[in-house]
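Peer 1: As input, take target_0.txt (compact mmCIF, C-alpha atoms and all ligand atoms):
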```txt
# COMPACT_ATOMS: atom_id res chain seq x y z
CA MET A 1334 2.98 112.64 53.82
CA THR A 1335 5.40 113.69 56.50
CA THR A 1336 5.29 111.12 59.23
CA ARG A 1337 4.99 111.95 62.86
CA ARG A 1338 8.46 110.63 63.53
CA SER A 1339 10.29 112.62 60.88
CA PHE A 1340 8.36 115.73 61.77
CA LEU A 1341 8.81 115.51 65.48
CA LYS A 1342 12.29 114.32 66.03
CA SER A 1343 14.34 116.74 63.97
CA ALA A 1344 14.62 119.60 66.41
CA ALA A 1345 16.11 118.80 69.74
CA LEU A 1346 15.46 121.99 71.61
CA ALA A 1347 18.31 124.06 72.86
CA TYR A 1348 16.65 127.36 73.61
CA PRO A 1349 18.32 128.93 76.64
CA ALA A 1350 16.21 129.46 79.70
CA CYS A 1351 15.70 133.12 80.48
CA GLY A 1352 14.55 134.91 83.60
CA LEU A 1353 10.87 134.18 83.16
CA LEU A 1354 11.57 130.50 82.82
CA SER A 1355 13.79 129.93 85.82
CA ASN A 1356 11.09 127.92 87.50
CA THR A 1357 10.27 125.21 84.99
CA ALA A 1358 9.24 122.91 87.81
CA LYS A 1359 6.32 125.26 88.38
CA ALA A 1360 5.24 124.81 84.78
CA GLN A 1361 5.49 121.05 84.95
CA GLY A 1362 3.81 120.69 88.32
CA THR A 1363 0.20 119.71 88.62
CA TYR A 1364 -2.22 122.55 88.34
CA VAL A 1365 -3.80 123.57 91.63
CA ALA A 1366 -7.13 125.29 91.20
CA PRO A 1367 -7.09 128.59 93.12
CA THR A 1368 -9.85 128.80 95.71
CA ASN A 1369 -9.27 132.24 97.19
CA PHE A 1370 -11.69 134.19 95.03
CA SER A 1371 -13.82 136.88 96.64
CA ARG A 1372 -16.85 135.97 94.52
CA ASP A 1373 -18.12 132.74 93.02
CA TYR A 1374 -19.33 134.07 89.66
CA PHE A 1375 -20.53 130.73 88.32
CA LYS A 1376 -22.70 130.24 91.36
CA GLU A 1377 -24.04 133.81 91.23
CA ILE A 1378 -25.18 133.50 87.62
CA GLY A 1379 -26.15 129.84 87.75
CA VAL A 1380 -23.46 128.33 85.53
CA ARG A 1381 -22.69 124.69 86.15
CA PRO A 1382 -18.95 123.98 86.38
CA PHE A 1383 -17.55 120.67 85.14
CA ILE A 1384 -14.38 118.62 85.35
CA ASN A 1385 -12.68 118.52 81.97
CA ALA A 1386 -11.20 115.06 81.43
CA ALA A 1387 -11.69 115.38 77.67
CA GLY A 1388 -8.89 117.80 76.74
CA GLY A 1389 -8.48 121.35 75.51
CA TYR A 1390 -11.39 121.45 73.08
CA SER A 1391 -12.69 124.89 72.10
CA ALA A 1392 -16.25 124.16 73.24
CA PHE A 1393 -14.88 123.05 76.61
CA GLY A 1394 -12.96 126.27 77.14
CA GLY A 1395 -9.67 125.27 75.54
CA ALA A 1396 -6.48 124.31 77.32
CA ARG A 1397 -5.47 125.54 80.72
CA MET A 1398 -2.95 128.38 80.68
CA ARG A 1399 0.21 127.66 82.61
CA PRO A 1400 0.85 129.90 85.68
CA GLU A 1401 3.60 131.77 83.81
CA VAL A 1402 1.07 132.72 81.12
CA ALA A 1403 -1.51 133.94 83.64
CA GLU A 1404 1.26 135.99 85.26
CA ALA A 1405 2.25 137.59 81.95
CA ILE A 1406 -1.39 138.45 81.28
CA ARG A 1407 -1.73 140.01 84.71
CA TYR A 1408 1.42 142.07 84.00
CA GLY A 1409 -0.03 143.19 80.67
CA THR A 1410 -3.30 144.35 82.15
CA TYR A 1411 -1.46 146.78 84.45
CA ASN A 1412 1.54 147.86 82.36
CA LYS A 1413 0.77 149.68 79.15
CA ALA A 1414 2.91 150.09 76.04
CA LYS A 1415 1.95 151.16 72.51
CA VAL A 1416 0.35 148.16 70.85
CA ASP A 1417 2.65 148.23 67.81
CA ASP A 1418 5.78 148.55 69.96
CA LEU A 1419 4.67 145.61 72.04
CA HIS A 1420 3.70 143.50 69.03
CA ASN A 1421 7.04 144.25 67.30
CA ALA A 1422 9.00 143.14 70.34
CA VAL A 1423 6.86 140.08 71.05
CA GLY A 1424 6.94 139.08 67.37
CA LYS A 1425 10.74 139.41 67.30
CA ARG A 1426 11.10 137.27 70.40
CA ILE A 1427 8.73 134.57 69.12
CA ALA A 1428 10.54 134.53 65.76
CA GLU A 1429 13.89 134.04 67.52
CA MET A 1430 12.52 131.12 69.50
CA ALA A 1431 10.92 129.54 66.43
CA GLY A 1432 13.92 130.13 64.18
CA CYS A 1433 12.03 132.06 61.52
CA GLU A 1434 12.30 135.56 60.09
CA ALA A 1435 9.23 137.07 61.71
CA ALA A 1436 6.13 136.25 63.72
CA MET A 1437 2.91 137.80 64.91
CA VAL A 1438 0.26 136.95 67.43
CA THR A 1439 -3.18 136.41 65.91
CA SER A 1440 -6.56 135.76 67.46
CA GLY A 1441 -6.18 132.02 66.74
CA ALA A 1442 -5.16 129.70 63.93
CA THR A 1443 -8.32 130.59 62.02
CA ALA A 1444 -7.32 134.27 62.07
CA SER A 1445 -3.80 133.25 60.99
CA MET A 1446 -5.38 131.71 57.88
CA VAL A 1447 -7.50 134.79 57.13
CA LEU A 1448 -4.56 137.16 57.61
CA ALA A 1449 -2.13 135.01 55.63
CA THR A 1450 -4.54 135.01 52.69
CA ALA A 1451 -5.13 138.75 53.01
CA ALA A 1452 -1.36 139.29 53.09
CA ALA A 1453 -0.80 137.18 49.97
CA MET A 1454 -3.61 138.94 48.09
CA THR A 1455 -2.57 142.49 48.97
CA MET A 1456 1.22 142.24 49.36
CA GLY A 1457 1.24 145.34 51.56
CA ASP A 1458 -0.63 147.62 49.14
CA GLN A 1459 -2.79 149.85 51.39
CA GLU A 1460 -5.36 150.45 48.64
CA LYS A 1461 -5.82 146.73 48.17
CA ILE A 1462 -5.94 146.22 51.94
CA GLU A 1463 -8.82 148.69 52.15
CA GLN A 1464 -10.57 147.05 49.20
CA LEU A 1465 -10.89 143.61 50.86
CA PRO A 1466 -13.04 141.53 50.92
CA ASP A 1467 -13.75 142.81 47.39
CA THR A 1468 -11.01 141.20 45.35
CA THR A 1469 -11.75 142.80 41.95
CA GLY A 1470 -8.44 143.11 40.10
CA LEU A 1471 -6.51 141.27 42.83
CA LYS A 1472 -4.88 137.87 42.84
CA ASN A 1473 -7.60 136.00 44.67
CA GLU A 1474 -7.14 132.26 44.18
CA VAL A 1475 -5.92 129.95 46.91
CA ILE A 1476 -4.85 126.49 45.78
CA ILE A 1477 -5.79 123.61 48.04
CA GLN A 1478 -5.47 119.86 47.53
CA LYS A 1479 -8.66 117.85 47.35
CA ASN A 1480 -7.63 115.75 50.34
CA HIS A 1481 -6.84 118.86 52.37
CA ARG A 1482 -10.39 120.25 52.28
CA TYR A 1483 -11.54 120.47 55.91
CA THR A 1484 -13.72 122.25 58.44
CA TYR A 1485 -11.54 125.33 58.75
CA ASP A 1486 -10.89 126.00 55.07
CA ARG A 1487 -13.60 128.68 54.96
CA ALA A 1488 -11.04 130.87 56.76
CA LEU A 1489 -9.14 130.87 53.45
CA ILE A 1490 -12.09 132.47 51.65
CA ALA A 1491 -13.12 134.82 54.47
CA ALA A 1492 -10.93 137.62 53.12
CA GLY A 1493 -12.53 137.30 49.68
CA ALA A 1494 -10.41 134.61 48.01
CA ILE A 1495 -11.78 131.58 46.21
CA LEU A 1496 -10.48 128.04 46.57
CA VAL A 1497 -9.07 126.15 43.62
CA GLU A 1498 -9.06 122.44 44.31
CA VAL A 1499 -6.37 120.23 42.79
CA ALA A 1500 -5.99 116.45 42.99
CA SER A 1501 -2.74 115.84 41.10
CA GLU A 1502 0.49 117.50 40.01
CA GLU A 1503 -0.95 118.02 36.50
CA GLU A 1504 -3.99 119.78 37.94
CA LEU A 1505 -1.75 121.89 40.17
CA LEU A 1506 0.42 123.00 37.26
CA SER A 1507 -2.57 124.01 35.17
CA ALA A 1508 -4.28 125.71 38.13
CA ILE A 1509 -1.37 128.07 38.74
CA GLY A 1510 -1.88 131.35 36.93
CA THR A 1511 -1.89 135.12 37.19
CA ARG A 1512 -4.72 134.99 39.76
CA THR A 1513 -2.98 132.59 42.15
CA ALA A 1514 -2.39 134.32 45.48
CA MET A 1515 -1.34 131.45 47.75
CA MET A 1516 -0.87 127.70 47.98
CA PHE A 1517 -2.24 126.05 51.11
CA TRP A 1518 -1.10 122.93 52.97
CA LEU A 1519 -2.73 121.11 55.87
CA LEU A 1520 -0.58 119.08 58.22
CA ALA A 1521 -2.85 117.40 60.71
CA ASN A 1522 -4.62 114.24 61.68
CA HIS A 1523 -7.62 115.47 59.77
CA ASN A 1524 -6.50 114.17 56.40
CA PRO A 1525 -6.19 110.40 56.69
CA ALA A 1526 -6.63 110.22 52.91
CA GLY A 1527 -3.08 111.60 52.59
CA ASP A 1528 -1.71 114.18 50.20
CA ASN A 1529 -2.58 114.32 46.51
CA ILE A 1530 0.85 115.74 45.73
CA PRO A 1531 3.99 115.06 47.78
CA MET A 1532 4.97 118.00 49.97
CA THR A 1533 8.47 118.47 48.55
CA ARG A 1534 7.09 118.61 45.01
CA TYR A 1535 4.30 121.00 46.05
CA LEU A 1536 6.86 123.34 47.62
CA GLU A 1537 9.20 123.10 44.61
CA ILE A 1538 6.40 124.08 42.26
CA ALA A 1539 5.41 126.98 44.55
CA THR A 1540 9.01 128.25 44.64
CA GLU A 1541 9.39 127.97 40.85
CA SER A 1542 6.12 129.87 40.39
CA LYS A 1543 6.97 132.41 43.14
CA ILE A 1544 3.71 131.74 44.97
CA PRO A 1545 3.55 132.18 48.76
CA THR A 1546 2.74 129.01 50.68
CA PHE A 1547 0.89 128.58 53.96
CA LEU A 1548 0.92 125.62 56.34
CA ASP A 1549 -1.84 125.00 58.88
CA GLY A 1550 -0.16 123.27 61.82
CA ALA A 1551 -2.83 124.28 64.37
CA THR A 1552 -3.15 120.93 66.07
CA MET A 1553 0.48 119.91 65.95
CA THR A 1554 1.43 120.69 69.53
CA PRO A 1555 2.60 119.47 72.00
CA PRO A 1556 5.53 119.39 71.77
CA ALA A 1557 6.08 123.08 71.09
CA SER A 1558 9.26 122.19 69.19
CA ASN A 1559 6.92 121.21 66.34
CA VAL A 1560 6.53 124.95 65.73
CA ILE A 1561 10.29 125.15 65.10
CA ASP A 1562 10.10 122.12 62.80
CA ALA A 1563 7.16 123.62 60.93
CA CYS A 1564 9.14 126.83 60.36
CA ASN A 1565 11.90 124.76 58.77
CA MET A 1566 9.74 122.80 56.36
CA GLY A 1567 9.96 125.32 53.54
CA PHE A 1568 6.62 127.12 53.80
CA ASP A 1569 6.55 130.92 53.63
CA LEU A 1570 3.99 131.15 56.41
CA VAL A 1571 2.83 128.76 59.12
CA GLY A 1572 -0.14 129.11 61.45
CA PHE A 1573 -0.65 127.67 64.91
CA SER A 1574 -3.35 127.68 67.51
CA GLY A 1575 -2.32 129.30 70.79
CA GLY A 1576 -5.06 127.97 73.02
CA LYS A 1577 -4.61 124.29 72.23
CA GLY A 1578 -1.35 122.39 72.80
CA LEU A 1579 0.73 125.51 73.44
CA ARG A 1580 -1.53 126.33 76.39
CA GLY A 1581 -1.57 130.02 75.62
CA PRO A 1582 -4.58 132.36 75.79
CA TYR A 1583 -7.74 130.72 74.46
CA SER A 1584 -8.24 133.41 71.83
CA ALA A 1585 -4.65 133.65 70.56
CA GLY A 1586 -2.62 132.02 67.84
CA LEU A 1587 0.61 132.42 65.90
CA LEU A 1588 1.51 133.32 62.35
CA LEU A 1589 5.18 132.85 61.56
CA GLY A 1590 7.39 133.02 58.49
CA LYS A 1591 8.84 135.45 55.95
CA GLY A 1592 9.33 139.00 57.20
CA ASP A 1593 7.63 140.74 54.29
CA LEU A 1594 4.54 138.52 54.43
CA ILE A 1595 4.24 138.92 58.20
CA SER A 1596 4.37 142.71 57.82
CA TYR A 1597 1.60 142.50 55.19
CA ALA A 1598 -0.46 140.31 57.53
CA ARG A 1599 0.06 142.88 60.29
CA ALA A 1600 -1.08 145.63 57.92
CA ASN A 1601 -4.29 143.66 57.38
CA SER A 1602 -5.01 143.43 61.08
CA SER A 1603 -5.77 145.43 64.20
CA PRO A 1604 -4.97 148.17 65.20
CA ASN A 1605 -5.24 149.20 61.52
CA SER A 1606 -8.89 150.27 61.51
CA ARG A 1607 -9.00 150.22 57.71
CA SER A 1608 -8.32 146.53 57.51
CA LEU A 1609 -10.37 143.40 57.17
CA GLY A 1610 -8.66 141.92 60.21
CA ARG A 1611 -9.64 144.80 62.51
CA GLY A 1612 -12.19 142.57 64.19
CA MET A 1613 -9.61 139.87 64.92
CA LYS A 1614 -8.19 141.97 67.71
CA VAL A 1615 -5.72 140.57 70.20
CA ALA A 1616 -5.47 142.10 73.68
CA PRO A 1617 -2.02 143.57 74.50
CA GLU A 1618 -1.80 141.26 77.51
CA GLU A 1619 -2.44 138.32 75.20
CA TYR A 1620 0.60 139.25 73.10
CA LEU A 1621 2.66 138.75 76.23
CA GLY A 1622 0.68 135.69 77.27
CA MET A 1623 1.23 134.02 73.90
CA MET A 1624 4.97 134.76 73.97
CA VAL A 1625 5.34 133.35 77.46
CA ALA A 1626 3.18 130.32 76.60
CA PHE A 1627 5.52 129.48 73.71
CA GLU A 1628 8.64 130.04 75.85
CA THR A 1629 7.29 127.92 78.67
CA ALA A 1630 6.08 125.15 76.37
CA LEU A 1631 9.48 125.01 74.64
CA ASN A 1632 11.17 124.47 77.97
CA ILE A 1633 8.93 121.63 79.09
CA ASP A 1634 10.82 118.39 79.58
CA GLU A 1635 8.67 115.95 77.62
CA ALA A 1636 9.86 112.88 79.50
CA GLU A 1637 9.07 114.54 82.83
CA ASP A 1638 5.70 115.67 81.53
CA PHE A 1639 4.80 112.12 80.41
CA LYS A 1640 5.94 110.72 83.75
CA ARG A 1641 3.71 113.16 85.61
CA LYS A 1642 0.73 112.32 83.40
CA ARG A 1643 1.30 108.59 83.91
CA GLU A 1644 1.21 109.21 87.66
CA ILE A 1645 -2.09 111.09 87.34
CA PHE A 1646 -3.56 108.17 85.37
CA ALA A 1647 -2.17 105.67 87.87
CA ARG A 1648 -4.00 107.49 90.68
CA MET A 1649 -7.17 107.55 88.58
CA MET A 1650 -6.92 103.82 87.74
CA ASN A 1651 -6.33 103.07 91.38
CA GLU A 1652 -9.82 104.43 92.08
CA ILE A 1653 -11.41 102.56 89.18
CA THR A 1654 -10.10 99.01 89.38
CA PRO A 1655 -10.85 96.22 89.74
CA ILE A 1656 -14.01 95.88 87.67
CA PRO A 1657 -14.50 92.52 85.91
CA GLY A 1658 -14.33 92.91 82.14
CA LEU A 1659 -12.75 96.39 82.23
CA LYS A 1660 -9.49 97.11 80.50
CA ALA A 1661 -7.77 100.42 81.29
CA GLU A 1662 -4.63 101.33 79.40
CA VAL A 1663 -2.45 104.42 79.03
CA ILE A 1664 -1.79 105.05 75.35
CA VAL A 1665 0.30 107.49 73.38
CA ASP A 1666 -1.62 109.29 70.66
CA GLU A 1667 -0.56 107.86 67.33
CA GLY A 1668 -1.26 111.13 65.58
CA MET A 1669 1.17 113.96 65.14
CA VAL A 1670 1.13 115.26 68.67
CA ASN A 1671 2.82 113.78 71.71
CA GLU A 1672 0.01 113.20 74.14
CA LEU A 1673 -0.99 110.51 76.60
CA TYR A 1674 -4.51 109.27 77.11
CA LEU A 1675 -6.18 106.75 79.34
CA ASP A 1676 -8.25 104.38 77.23
CA LEU A 1677 -11.10 102.41 78.75
CA GLU A 1678 -12.68 99.40 77.16
CA TRP A 1679 -15.10 96.94 78.71
CA ASP A 1680 -16.72 93.66 77.85
CA PRO A 1681 -20.37 94.56 77.12
CA LEU A 1682 -21.48 91.15 78.42
CA GLN A 1683 -19.99 91.88 81.83
CA VAL A 1684 -20.45 95.65 82.10
CA LYS A 1685 -23.87 96.41 80.64
CA ILE A 1686 -23.63 100.08 79.71
CA SER A 1687 -23.07 101.64 76.28
CA ILE A 1688 -20.39 104.27 75.74
CA ASP A 1689 -23.06 106.92 75.12
CA GLU A 1690 -24.90 106.02 78.34
CA PHE A 1691 -21.59 106.09 80.22
CA ILE A 1692 -20.71 109.56 78.88
CA GLU A 1693 -24.22 110.80 79.77
CA ALA A 1694 -23.95 109.38 83.30
CA LEU A 1695 -20.62 111.15 83.87
CA ARG A 1696 -22.01 114.38 82.45
CA ASN A 1697 -25.19 114.32 84.53
CA GLY A 1698 -23.56 113.22 87.78
CA SER A 1699 -22.10 115.32 90.54
CA PRO A 1700 -19.57 116.69 89.85
CA SER A 1701 -20.28 116.85 86.12
CA ILE A 1702 -17.44 115.29 84.14
CA GLU A 1703 -16.71 115.43 80.41
CA ILE A 1704 -14.72 112.77 78.59
CA ARG A 1705 -14.44 111.90 74.93
CA MET A 1706 -15.19 108.92 72.78
CA LEU A 1707 -12.77 109.07 69.91
CA LYS A 1708 -13.35 107.48 66.56
CA PHE A 1709 -9.66 106.95 65.88
CA SER A 1710 -9.35 104.73 68.92
CA GLY A 1711 -12.10 102.48 67.60
CA GLY A 1712 -14.87 104.11 69.63
CA ARG A 1713 -13.21 103.55 72.97
CA VAL A 1714 -13.51 105.93 75.90
CA HIS A 1715 -10.67 108.35 75.97
CA ILE A 1716 -9.52 110.38 78.99
CA SER A 1717 -7.09 113.29 78.97
CA SER A 1718 -5.26 114.71 81.97
CA THR A 1719 -4.13 117.98 80.39
CA VAL A 1720 -6.91 120.18 81.79
CA LEU A 1721 -7.43 118.39 85.12
CA ALA A 1722 -6.73 120.32 88.31
CA GLU A 1723 -4.84 118.60 91.11
CA GLY A 1724 -6.92 115.94 92.79
CA GLN A 1725 -9.63 115.87 90.12
CA GLU A 1726 -8.27 112.55 88.83
CA ILE A 1727 -9.47 110.97 92.07
CA MET A 1728 -13.03 112.28 91.58
CA VAL A 1729 -13.02 111.17 87.94
CA GLY A 1730 -11.81 107.68 88.92
CA ARG A 1731 -14.45 107.36 91.64
CA ARG A 1732 -17.31 108.40 89.35
CA ILE A 1733 -16.13 105.95 86.68
CA ARG A 1734 -16.05 103.13 89.24
CA GLU A 1735 -19.52 104.04 90.58
CA ILE A 1736 -21.10 104.10 87.11
CA LEU A 1737 -19.42 100.95 85.79
CA SER A 1738 -19.89 98.88 88.93
CA ALA A 1739 -23.60 99.82 88.99
CA SER A 1740 -23.86 98.33 85.48
CA ILE A 1741 -22.63 94.84 86.33
C1 LIG P 1 -8.38 124.06 65.90
C2 LIG P 1 -7.88 124.15 64.50
C3 LIG P 1 -7.90 125.36 63.82
C4 LIG P 1 -8.48 126.61 64.44
O1 LIG P 1 -7.73 127.02 65.54
P1 LIG P 1 -8.18 128.25 66.42
O2 LIG P 1 -6.94 128.67 67.12
O3 LIG P 1 -9.23 127.76 67.36
O4 LIG P 1 -8.71 129.31 65.52
C5 LIG P 1 -7.39 125.40 62.55
N1 LIG P 1 -6.88 124.29 61.97
C6 LIG P 1 -6.84 123.09 62.58
C7 LIG P 1 -6.23 121.92 61.89
C8 LIG P 1 -7.35 122.98 63.89
O5 LIG P 1 -7.34 121.81 64.50
```
Go ahead and express the file in the form of structure tokens.

Peer 2:
Amino acid sequence: MTTRRSFLKSAALAYPACGLLSNTAKAQGTYVAPTNFSRDYFKEIGVRPFINAAGGYSAFGGARMRPEVAEAIRYGTYNKAKVDDLHNAVGKRIAEMAGCEAAMVTSGATASMVLATAAAMTMGDQEKIEQLPDTTGLKNEVIIQKNHRYTYDRALIAAGAILVEVASEEELLSAIGTRTAMMFWLLANHNPAGDNIPMTRYLEIATESKIPTFLDGATMTPPASNVIDACNMGFDLVGFSGGKGLRGPYSAGLLLGKGDLISYARANSSPNSRSLGRGMKVAPEEYLGMMVAFETALNIDEAEDFKRKREIFARMMNEITPIPGLKAEVIVDEGMVNELYLDLEWDPLQVKISIDEFIEALRNGSPSIEIRMLKFSGGRVHISSTVLAEGQEIMVGRRIREILSASI
């Protein structure tokens, strides 16, 4: 399996700053929640807001778009161009930044998987495109390793394909046949069991057999330079989530890779109304938003970003401590992404509250706060600063102190 280190460190980013990026300080600065709205919609309709100290999870509304992204979206809602013209230009720009032949904006990494499979099964044939999800007479098998089966793999069968599971090189070689449309690879924290077949061998076999390959790298950002690395790993197509670590629009994603395959994926998607992907529509302003999110994320100075996050956690810890028996520690995620978390751990004999009770108390308090308990950190409490607005770290710290000190 590719290690985090080898994957992450190969591409030192040298993409030139352009006009839109002149103010990188703005992107790196702490988010300030705007307050000058004419209406309070949440209040009007009775929706309870919450402070997200858990991270950019889909159920929590995803990541927070950077100001540059919101600006691009605002531009796109007022300035109209033909959707295909806009997508061509945005795709070209994203491909240049990623160092690949072509790119498109999808409605998320899941849609990237559906469209990649549809592209591989139809290879641009309009009749076949219109036939999907009926795959009679089409290549319709997607090869996946046993250890790469995961929550999102149904996206690979959504366009009508079937999965063929392999657990060894021998099984892979005998699985490849006239019906094989694509070979899939998952690169994420989700597969602790590792790979059944080494990646280089898997790719060699795919090349020899002339079978398109797809890599799911959805969770592999930040840093955004991982997208560039992923494009250089030898896969024909790679998919990324836009609304997670890239901090693009919640409902956007990227599909990057070979020019012909990207054009087939485009043919299988909106605005082509005779395509399976018609329902995976992306708003024109989101094309721009996704492009700017990628640009902005590529220009983030990681060291600066970590320093800023450490300062946020320091202010939070300042509110929490001292509580006897509590250990608070800033940790770097040991997975494939570069992210900092604040880990809390307490001696249950001194602080008499379970993690579940603690999470409930934060959730039900005022303001309501969400944090996460992560299995990979041994069930410890896990706090993220990525979606916090300026000053919210103080409120989070205070609530943590109140709850823990009431449990002594
Ligand atoms: C989140 C995730 C997806 C789906 O991403 P969306 O952009 O929300 O569709 C796919 N694969 C992996 C590994 C993910 O973590």

Peer 1: Find the residue from A:Ala1526, A:Val1438, A:Met1566, A:Ala1557 that sits nearest to ligand LIG 1 (chain P); use only C-alpha atoms and all ligand atoms when measuring.

Peer 2: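 Looking only at the distances to ligand LIG 1 (chain P), the closest residue turns out to be A:Val1438.
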
Peer 1: Considering only C-alpha atoms and all ligand atoms, can you say which of A:Ala1500, A:Leu1579, A:Ala1647, A:Val1475 comes closest to ligand LIG 1 (chain P)?

Peer 2: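 Looking only at the distances to ligand LIG 1 (chain P), the closest residue turns out to be A:Leu1579.
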
Peer 1: Can you pull out the residues contacting Gly1724 of chain A? Cut-off 12 Å, using only C-alpha atoms, and skip same-chain residues under 2 positions away; I want them as JSON, numbers by chain.

Peer 2: {"A": [1363, 1364, 1365, 1366, 1384, 1644, 1645, 1646, 1648, 1649, 1652, 1718, 1720, 1721, 1722, 1726, 1727, 1728, 1729, 1730, 1731]}

Peer 1: Any residue with an atom at most 8 Å from ligand LIG 1 (chain P) counts, using all atoms listed in the file. Which are they? Put them as a list in words.

Peer 2: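 Taking all atoms listed in the file into account, the residues around ligand LIG 1 (chain P) at most 8 Å away are Ser1391, Ser1440, Gly1441, Ala1442, Thr1443, Ala1444, Ser1445, Thr1484, Tyr1485, Leu1519, Leu1520, Ala1521, Asn1522, His1523, Asp1549, Gly1550, Ala1551, Thr1552, Phe1573, Ser1574, Gly1575, Gly1576, Lys1577, Tyr1583, Ser1584, Ala1585 and Gly1586 of chain A.
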
Peer 1: Distance atom CA of Ala1488 of chain A-atom CA of Phe1393 of chain A, one decimal place?

Peer 2: 21.7 Å

Peer 1: May I have the residues within 9 Å of Glu1672 of chain A as a list in words, using all atoms listed in the file and disregarding those fewer than 5 positions away in the same chain?

Peer 2: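 Skipping anything fewer than 5 positions along the chain leaves Thr1554, Pro1555, Pro1556, Phe1639, Ile1664, Val1665, Asp1666, Glu1667, Ser1717 and Thr1719 of chain A.
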
Peer 1: Which residue is closest to Leu1621 of chain A? Choose from A:Ser1740, A:Pro1582, A:Met1446, A:Asp1467 and count all atoms listed in the file.

Peer 2: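 Checking each candidate against Leu1621 of chain A, we get A:Pro1582 as the closest.
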
Peer 1: Residues within 12 Å of Ala1414 of chain A, please, as a ChimeraX atom specification. Count all atoms listed in the file; anything in the same chain fewer than 6 positions from it doesn't count.

Peer 2: /A:1408,1420-1423,1616-1618,1620-1621

Peer 1: Which distance in Å separates atom CA of Met1398 of chain A and atom CA of Met1613 of chain A, to one decimal?

Peer 2: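 Straight-line distance from atom CA of Met1398 of chain A to atom CA of Met1613 of chain A works out to 20.6 Å.
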
Peer 1: May I ask for the distance between atom CA of Asn1412 of chain A and atom CA of Val1625 of chain A, given in Å to one decimal place?

Peer 2: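 Spanning atom CA of Asn1412 of chain A to atom CA of Val1625 of chain A is a straight-line distance of 15.8 Å.
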
Peer 1: Calculated over only C-alpha atoms, which of the candidates A:Arg1705, A:Lys1660, A:Lys1642, A:Arg1607 has the smallest distance to Ile1462 of chain A?

Peer 2: A:Arg1607

Peer 1: Skip Ile1686 of chain A itself and residues of its chain fewer than 4 positions away, then list as a CSV table (one decimal) with C-alpha atoms, in the coordinates of the input all residues within 10 Å of it, counting only C-alpha atoms.

Peer 2:
```csv
chain,number,residue,atom,x,y,z
A,1679,TRP,CA,-15.1,96.9,78.7
A,1680,ASP,CA,-16.7,93.7,77.8
A,1681,PRO,CA,-20.4,94.6,77.1
A,1682,LEU,CA,-21.5,91.2,78.4
A,1690,GLU,CA,-24.9,106.0,78.3
A,1691,PHE,CA,-21.6,106.1,80.2
A,1692,ILE,CA,-20.7,109.6,78.9
A,1694,ALA,CA,-24.0,109.4,83.3
A,1736,ILE,CA,-21.1,104.1,87.1
A,1737,LEU,CA,-19.4,101.0,85.8
A,1739,ALA,CA,-23.6,99.8,89.0
A,1740,SER,CA,-23.9,98.3,85.5
A,1741,ILE,CA,-22.6,94.8,86.3
```

Peer 1: How would segment 1583-1593 of chain A read, as a PDB file, in the frame of the given file, once N, CA and C atoms are built in?

Peer 2:
```pdb
ATOM      1  N   TYR A1583      -6.720 131.402  75.257  1.00  0.00           N
ATOM      2  CA  TYR A1583      -7.740 130.720  74.460  1.00  0.00           C
ATOM      3  C   TYR A1583      -7.922 131.357  73.091  1.00  0.00           C
ATOM      4  N   SER A1584      -7.914 132.703  73.070  1.00  0.00           N
ATOM      5  CA  SER A1584      -8.240 133.410  71.830  1.00  0.00           C
ATOM      6  C   SER A1584      -6.998 133.900  71.095  1.00  0.00           C
ATOM      7  N   ALA A1585      -5.866 133.221  71.268  1.00  0.00           N
ATOM      8  CA  ALA A1585      -4.650 133.650  70.560  1.00  0.00           C
ATOM      9  C   ALA A1585      -4.107 132.539  69.672  1.00  0.00           C
ATOM     10  N   GLY A1586      -3.272 132.950  68.738  1.00  0.00           N
ATOM     11  CA  GLY A1586      -2.620 132.020  67.840  1.00  0.00           C
ATOM     12  C   GLY A1586      -1.348 132.638  67.323  1.00  0.00           C
ATOM     13  N   LEU A1587      -0.649 131.912  66.447  1.00  0.00           N
ATOM     14  CA  LEU A1587       0.610 132.420  65.900  1.00  0.00           C
ATOM     15  C   LEU A1587       0.578 132.371  64.374  1.00  0.00           C
ATOM     16  N   LEU A1588       1.219 133.369  63.781  1.00  0.00           N
ATOM     17  CA  LEU A1588       1.510 133.320  62.350  1.00  0.00           C
ATOM     18  C   LEU A1588       3.001 133.625  62.242  1.00  0.00           C
ATOM     19  N   LEU A1589       3.726 132.705  61.630  1.00  0.00           N
ATOM     20  CA  LEU A1589       5.180 132.850  61.560  1.00  0.00           C
ATOM     21  C   LEU A1589       5.663 132.654  60.133  1.00  0.00           C
ATOM     22  N   GLY A1590       6.836 133.246  59.823  1.00  0.00           N
ATOM     23  CA  GLY A1590       7.390 133.020  58.490  1.00  0.00           C
ATOM     24  C   GLY A1590       8.189 134.196  57.968  1.00  0.00           C
ATOM     25  N   LYS A1591       8.061 134.419  56.648  1.00  0.00           N
ATOM     26  CA  LYS A1591       8.840 135.450  55.950  1.00  0.00           C
ATOM     27  C   LYS A1591       8.473 136.850  56.469  1.00  0.00           C
ATOM     28  N   GLY A1592       9.518 137.664  56.637  1.00  0.00           N
ATOM     29  CA  GLY A1592       9.330 139.000  57.200  1.00  0.00           C
ATOM     30  C   GLY A1592       8.372 139.875  56.422  1.00  0.00           C
ATOM     31  N   ASP A1593       8.510 139.861  55.074  1.00  0.00           N
ATOM     32  CA  ASP A1593       7.630 140.740  54.290  1.00  0.00           C
ATOM     33  C   ASP A1593       6.172 140.313  54.432  1.00  0.00           C
TER      34      ASP A1593
END
```
